[in-house]
Each structure stands twice: as C-alpha cells, then as structure tokens.
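As provided, coords.pdb (PDB, C-alpha atoms and all ligand atoms) reads as follows.
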ATOM      1  CA  MET N   1     237.322 180.962 255.803
ATOM      2  CA  GLU N   2     240.920 180.038 256.469
ATOM      3  CA  TYR N   3     243.781 179.798 254.035
ATOM      4  CA  TYR N   4     246.175 177.302 255.585
ATOM      5  CA  HIS N   5     244.479 174.565 253.548
ATOM      6  CA  LEU N   6     245.603 176.129 250.274
ATOM      7  CA  PRO N   7     248.999 174.448 249.752
ATOM      8  CA  VAL N   8     247.590 170.994 250.517
ATOM      9  CA  VAL N   9     244.145 171.226 248.942
ATOM     10  CA  HIS N  10     244.656 173.793 246.157
ATOM     11  CA  PRO N  11     248.313 173.812 245.114
ATOM     12  CA  LYS N  12     247.404 175.632 241.873
ATOM     13  CA  LEU N  13     245.556 178.362 243.695
ATOM     14  CA  THR N  14     248.694 179.325 245.604
ATOM     15  CA  HIS N  15     250.195 180.421 242.267
ATOM     16  CA  VAL N  16     247.786 183.338 242.206
ATOM     17  CA  SER N  17     246.846 183.633 245.851
ATOM     18  CA  ARG N  18     250.046 183.121 247.800
ATOM     19  CA  MET N  19     249.966 182.219 251.484
ATOM     20  CA  ASN N  20     252.050 185.213 252.545
ATOM     21  CA  ASP N  21     249.857 187.643 250.615
ATOM     22  CA  HIS N  22     246.725 186.889 252.644
ATOM     23  CA  HIS N  23     245.563 189.495 255.146
ATOM     24  CA  ARG N  24     242.551 189.994 257.364
ATOM     25  CA  CYS N  25     240.137 192.635 256.182
ATOM     26  CA  GLN N  26     237.585 192.575 258.938
ATOM     27  CA  GLY N  27     235.100 195.332 259.660
ATOM     28  CA  LYS N  28     231.996 195.380 261.857
ATOM     29  CA  GLY N  29     229.179 193.139 260.671
ATOM     30  CA  MET N  30     227.883 189.637 260.179
ATOM     31  CA  TYR N  31     230.594 188.591 257.798
ATOM     32  CA  SER N  32     234.189 187.411 257.852
ATOM     33  CA  GLY N  33     236.633 188.985 255.477
ATOM     34  CA  MET N  34     240.152 188.538 254.220
ATOM     35  CA  LEU N  35     241.998 189.491 251.102
ATOM     36  CA  THR N  36     244.924 188.502 248.947
ATOM     37  CA  THR N  37     247.140 191.323 247.777
ATOM     38  CA  PRO N  38     248.917 191.433 245.506
ATOM     39  CA  VAL N  39     247.215 188.798 243.408
ATOM     40  CA  SER N  40     250.018 187.155 241.478
ATOM     41  CA  ARG N  41     249.954 187.086 237.727
ATOM     42  CA  ASP N  42     250.824 183.500 236.892
ATOM     43  CA  VAL N  43     251.042 182.510 233.230
ATOM     44  CA  ASP N  44     249.047 179.339 233.837
ATOM     45  CA  SER N  45     246.344 181.150 235.744
ATOM     46  CA  VAL N  46     243.164 182.519 234.301
ATOM     47  CA  TRP N  47     242.325 184.666 237.327
ATOM     48  CA  LEU N  48     243.473 187.947 235.818
ATOM     49  CA  ASN N  49     243.244 187.301 232.117
ATOM     50  CA  LEU N  50     239.875 188.892 231.480
ATOM     51  CA  PRO N  51     239.916 192.700 231.285
ATOM     52  CA  ALA N  52     239.291 194.630 234.496
ATOM     53  CA  THR N  53     235.911 196.168 235.204
ATOM     54  CA  LYS N  54     235.760 199.696 233.777
ATOM     55  CA  GLY N  55     236.294 202.498 236.268
ATOM     56  CA  ILE N  56     237.628 200.260 239.015
ATOM     57  CA  GLU N  57     239.893 201.995 241.538
ATOM     58  CA  LYS N  58     243.601 201.247 241.298
ATOM     59  CA  LYS N  59     243.794 199.770 244.804
ATOM     60  CA  HIS N  60     241.357 197.024 243.768
ATOM     61  CA  LEU N  61     243.286 195.960 240.661
ATOM     62  CA  GLU N  62     245.774 193.774 242.526
ATOM     63  CA  THR N  63     243.468 192.477 245.215
ATOM     64  CA  ALA N  64     241.121 189.527 245.709
ATOM     65  CA  TYR N  65     238.541 189.926 248.465
ATOM     66  CA  HIS N  66     237.276 186.777 250.183
ATOM     67  CA  ILE N  67     234.066 187.391 252.078
ATOM     68  CA  CYS N  68     231.736 185.057 253.948
ATOM     69  CA  ILE N  69     228.373 186.599 254.766
ATOM     70  CA  PHE N  70     226.440 184.941 257.567
ATOM     71  CA  PRO N  71     224.933 182.433 257.295
ATOM     72  CA  ASN N  72     225.533 180.922 253.867
ATOM     73  CA  VAL N  73     227.012 183.189 251.189
ATOM     74  CA  THR N  74     230.683 183.278 250.288
ATOM     75  CA  ILE N  75     232.121 185.377 247.532
ATOM     76  CA  THR N  76     235.558 186.066 246.102
ATOM     77  CA  ILE N  77     235.702 189.367 244.245
ATOM     78  CA  LEU N  78     238.460 190.319 241.825
ATOM     79  CA  GLN N  79     238.926 193.190 239.376
ATOM     80  CA  ASN N  80     237.346 191.212 236.514
ATOM     81  CA  HIS N  81     235.040 188.608 238.019
ATOM     82  CA  ALA N  82     233.433 187.308 241.181
ATOM     83  CA  PHE N  83     232.828 183.739 242.270
ATOM     84  CA  CYS N  84     229.851 183.348 244.571
ATOM     85  CA  MET N  85     228.695 180.281 246.461
ATOM     86  CA  ILE N  86     225.418 179.858 248.302
ATOM     87  CA  THR N  87     225.003 176.812 250.495
ATOM     88  CA  ASP N  88     221.511 175.609 251.293
ATOM     89  CA  PRO N  89     221.087 173.240 254.231
ATOM     90  CA  ILE N  90     218.972 170.263 253.171
ATOM     91  CA  ARG N  91     219.375 168.116 256.276
ATOM     92  CA  ALA N  92     222.021 167.513 258.951
ATOM     93  CA  ASN N  93     224.301 165.553 256.636
ATOM     94  CA  LYS N  94     223.406 167.123 253.293
ATOM     95  CA  THR N  95     224.056 170.577 251.845
ATOM     96  CA  ARG N  96     223.272 171.854 248.387
ATOM     97  CA  GLU N  97     225.755 174.238 246.819
ATOM     98  CA  ARG N  98     224.859 176.823 244.199
ATOM     99  CA  ASN N  99     227.710 178.579 242.431
ATOM    100  CA  PHE N 100     227.700 181.724 240.336
ATOM    101  CA  LEU N 101     230.502 183.151 238.248
ATOM    102  CA  LEU N 102     229.880 186.828 237.617
ATOM    103  CA  THR N 103     231.632 189.028 235.068
ATOM    104  CA  PRO N 104     231.197 192.654 233.945
ATOM    105  CA  PRO N 105     228.730 193.332 231.107
ATOM    106  CA  LEU N 106     229.874 192.423 227.570
ATOM    107  CA  THR N 107     232.672 190.135 228.791
ATOM    108  CA  GLN N 108     231.367 187.273 226.685
ATOM    109  CA  GLU N 109     230.610 189.301 223.560
ATOM    110  CA  ASN N 110     234.208 188.914 222.450
ATOM    111  CA  GLY N 111     235.193 185.418 221.218
ATOM    112  CA  MET N 112     238.611 185.408 222.897
ATOM    113  CA  GLN N 113     237.137 186.551 226.196
ATOM    114  CA  SER N 114     234.414 183.981 225.885
ATOM    115  CA  SER N 115     236.986 181.192 225.752
ATOM    116  CA  MET N 116     238.827 182.770 228.724
ATOM    117  CA  PHE N 117     235.535 182.709 230.575
ATOM    118  CA  LEU N 118     235.191 178.965 229.938
ATOM    119  CA  LYS N 119     238.720 178.438 231.267
ATOM    120  CA  LEU N 120     237.822 180.492 234.308
ATOM    121  CA  ILE N 121     234.782 178.286 234.932
ATOM    122  CA  LYS N 122     237.029 175.221 234.689
ATOM    123  CA  PHE N 123     239.523 176.755 237.132
ATOM    124  CA  TRP N 124     236.846 177.504 239.750
ATOM    125  CA  GLU N 125     235.265 174.101 239.203
ATOM    126  CA  ILE N 126     238.580 172.431 240.058
ATOM    127  CA  ILE N 127     239.070 174.614 243.158
ATOM    128  CA  ASN N 128     235.513 174.068 244.309
ATOM    129  CA  THR N 129     235.598 170.316 243.779
ATOM    130  CA  GLN N 130     238.791 170.165 245.846
ATOM    131  CA  ASP N 131     236.945 172.002 248.615
ATOM    132  CA  LEU N 132     233.977 169.645 248.404
ATOM    133  CA  VAL N 133     236.248 166.665 248.967
ATOM    134  CA  ILE N 134     237.973 168.205 251.984
ATOM    135  CA  VAL N 135     234.708 169.457 253.514
ATOM    136  CA  GLU N 136     233.155 166.002 253.222
ATOM    137  CA  ARG N 137     236.219 164.480 254.846
ATOM    138  CA  VAL N 138     235.981 166.972 257.717
ATOM    139  CA  GLN N 139     232.287 166.094 258.180
ATOM    140  CA  GLU N 140     233.184 162.424 258.296
ATOM    141  CA  GLY N 141     235.956 163.082 260.820
ATOM    142  CA  LEU N 142     233.746 165.219 263.054
ATOM    143  CA  SER N 143     231.078 162.539 263.190
ATOM    144  CA  ASN N 144     233.555 160.083 264.692
ATOM    145  CA  ILE N 145     232.935 159.925 268.437
ATOM    146  CA  ALA N 146     236.681 159.661 269.017
ATOM    147  CA  PHE N 147     236.894 163.357 268.143
ATOM    148  CA  THR N 148     235.978 165.447 271.162
ATOM    149  CA  GLY N 149     237.028 168.896 269.943
ATOM    150  CA  GLY N 150     240.273 170.768 269.756
ATOM    151  CA  ARG N 151     242.001 174.107 269.941
ATOM    152  CA  MET N 152     241.763 176.740 267.260
ATOM    153  CA  CYS N 153     244.710 178.621 265.889
ATOM    154  CA  PHE N 154     244.138 182.390 266.196
ATOM    155  CA  LYS N 155     246.366 183.290 263.272
ATOM    156  CA  PHE N 156     244.406 181.138 260.832
ATOM    157  CA  GLU N 157     241.103 180.225 262.426
ATOM    158  CA  GLU N 158     239.744 183.440 263.873
ATOM    159  CA  PRO N 159     237.168 183.683 261.040
ATOM    160  CA  LEU N 160     235.942 180.169 261.919
ATOM    161  CA  HIS N 161     235.717 181.198 265.558
ATOM    162  CA  ARG N 162     233.734 184.251 264.471
ATOM    163  CA  TYR N 163     231.379 181.997 262.477
ATOM    164  CA  GLN N 164     230.910 179.545 265.344
ATOM    165  CA  ASN N 165     230.023 182.452 267.634
ATOM    166  CA  TRP N 166     227.333 183.578 265.174
ATOM    167  CA  ILE N 167     225.820 180.093 265.284
ATOM    168  CA  ALA N 168     226.019 180.004 269.085
ATOM    169  CA  ASP N 169     224.369 183.456 269.281
ATOM    170  CA  LYS N 170     221.512 182.366 267.024
ATOM    171  CA  MET N 171     220.971 179.166 269.014
ATOM    172  CA  CYS N 172     220.809 181.201 272.226
ATOM    173  CA  ASN N 173     218.602 183.911 270.683
ATOM    174  CA  ILE N 174     221.285 186.556 271.219
ATOM    175  CA  HIS N 175     221.212 189.470 268.780
ATOM    176  CA  ARG N 176     224.758 190.730 268.483
ATOM    177  CA  VAL N 177     226.630 192.297 265.606
ATOM    178  CA  HIS N 178     230.289 191.407 265.832
ATOM    179  CA  PRO N 179     232.865 194.218 265.858
ATOM    180  CA  GLY N 180     235.614 194.720 263.308
ATOM    181  CA  ASP N 181     239.317 194.491 264.065
ATOM    182  CA  HIS N 182     239.635 198.211 264.723
ATOM    183  CA  GLU N 183     236.762 198.325 267.175
ATOM    184  CA  LYS N 184     237.913 195.661 269.640
TER     185      LYS N 184
HETATM  186 FE    FE T 201     239.416 175.955 249.655
END

What is this structure when it is put down as structure tokens?
Ligand SMILES: [Fe+2]
Amino acid sequence: MEYYHLPVVHPKLTHVSRMNDHHRCQGKGMYSGMLTTPVSRDVDSVWLNLPATKGIEKKHLETAYHICIFPNVTITILQNHAFCMITDPIRANKTRERNFLLTPPLTQENGMQSSMFLKLIKFWEIINTQDLVIVERVQEGLSNIAFTGGRMCFKFEEPLHRYQNWIADKMCNIHRVHPGDHEK
C-alpha cells in the first residue's frame, strides 16, 4: 500500500512502475487506491507484452491500478492482466496467501501468448516473493519490544494510515465508510 519500498525491494519493478509515475487514486469506500501512469514499456518487462483486453478505454491502456480492498484483497489491474492476492489470517503470526493471475479470455489459446503468460507468472512470483521476505522482516521487527511505534509519512503512508483506521474502527465497533480525497 505504499511505493517507497520499490527501489529497494523490487528494483526490476521500477522499470515498469516508476516512482515518479505513482499517484493516489482514492475515492470513497473501504479500499485504498493508487495508480501508476504511464506504465513504462521496458524491453525486459513482461507487464505489457500480452495484447490489451478488447474494447478497453484509451485512458486505461497506459495505467496500472493498485487497489487494496478491506480487509484482505489486493489487486493490480492492467490493460491485459490482473494480479490478485487474498490473505487469510491463520493465527497471529501466520498468514496464508492465495494469488491469482487473471487474463482476458483466449489469452492462452495462442502458443506465443501462452509462453508470455508463463513469463508473466514468473515476474509476479519474483515480485511477490520479494514482498514476502520484507513483510516477514517487518513482522519480526515489530515484535521486538525495543520498537515502540513511530511516525508515518503522509506522502507515502497515508494508505497505511487509512488501513490502520479501518482496523481500529472494527475493533471499536464503529461503522464508518472512509471518504475519498475529493470529499475531505
Ligand atoms: Fe512490494
């Protein structure tokens, strides 16, 4: 839900999703949203190699939408595929992740596209494994009693703040739908 970890954790991802091309895209609702536009066309990247979904509007062709739906669904949607992650809490120190890579119908009927699809799976697997490592390290750090909390950075961590408020609301039995950026 923040993108300042990209250069350190996912150097390859910044070839297609550059730091400066990230923007908030936050409306009213129980989700946090940002986007990357334009998505860069890097020769080593497989993000844009599959054909775009038929009938897609022009404004969506160069954009990747990153959405986190409360409480446990995150999805990145591009013109030609979507990567979805569902996290299931198992116990306090264990979470199960389920990942789905979605493509338009018939994408895998064509042999060339089928091999692009496999490369795309590999790409997301690398990105996701990098995230797993960093998330586990954060968990380990947070469980150290020497850590007593810290400040958040509005520019980068507002979506995290939004998420933490959802959790706090649920724990306090408060039913509140958070406003979007244009409604504050
Ligand atoms: Fe990440």

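For the structure in this document, the set picked by the PyMOL selection byres (((not hetatm)) within 7 of (chain T and resi 201)) is N:His5, N:Leu6, N:Val9, N:His10, N:Ile127, N:Asn128, N:Gln130, N:Asp131.
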
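Restricting the calculation to all atoms listed in the file, the smallest distance between Tyr31 in chain N and any of N:Asn72, N:Thr129, N:Thr148, N:Thr14 is found for N:Asn72.
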
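Nearest-residue note for Ile56 in chain N: choosing from N:Leu78, N:Ala146, N:Cys68, N:Tyr4, the minimum distance belongs to N:Leu78, counting only C-alpha atoms.
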
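CA of Ser17 in chain N is positioned 17.1 Å from CA of Lys122 in chain N.
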
Quiz item: Taking the file as shown, what set of residues would the PyMOL selection byres (((chain N and resi 99) around 8) and not hetatm) give back, as number ranges by chain?
Solution: N: 83-86, 97-98, 100-101

Practice problem: Give as number ranges by chain the residues that the PyMOL selection byres (((chain N and resi 65) around 12) and not hetatm) matches when applied to the coordinates above. | Solution: N: 1, 17, 21-26, 32-39, 59-64, 66-68, 74-79, 81-84

Quiz item: So how far away is CA of Ser143 in chain N from CA of Asp169 in chain N, in Å?
Solution: 22.8 Å
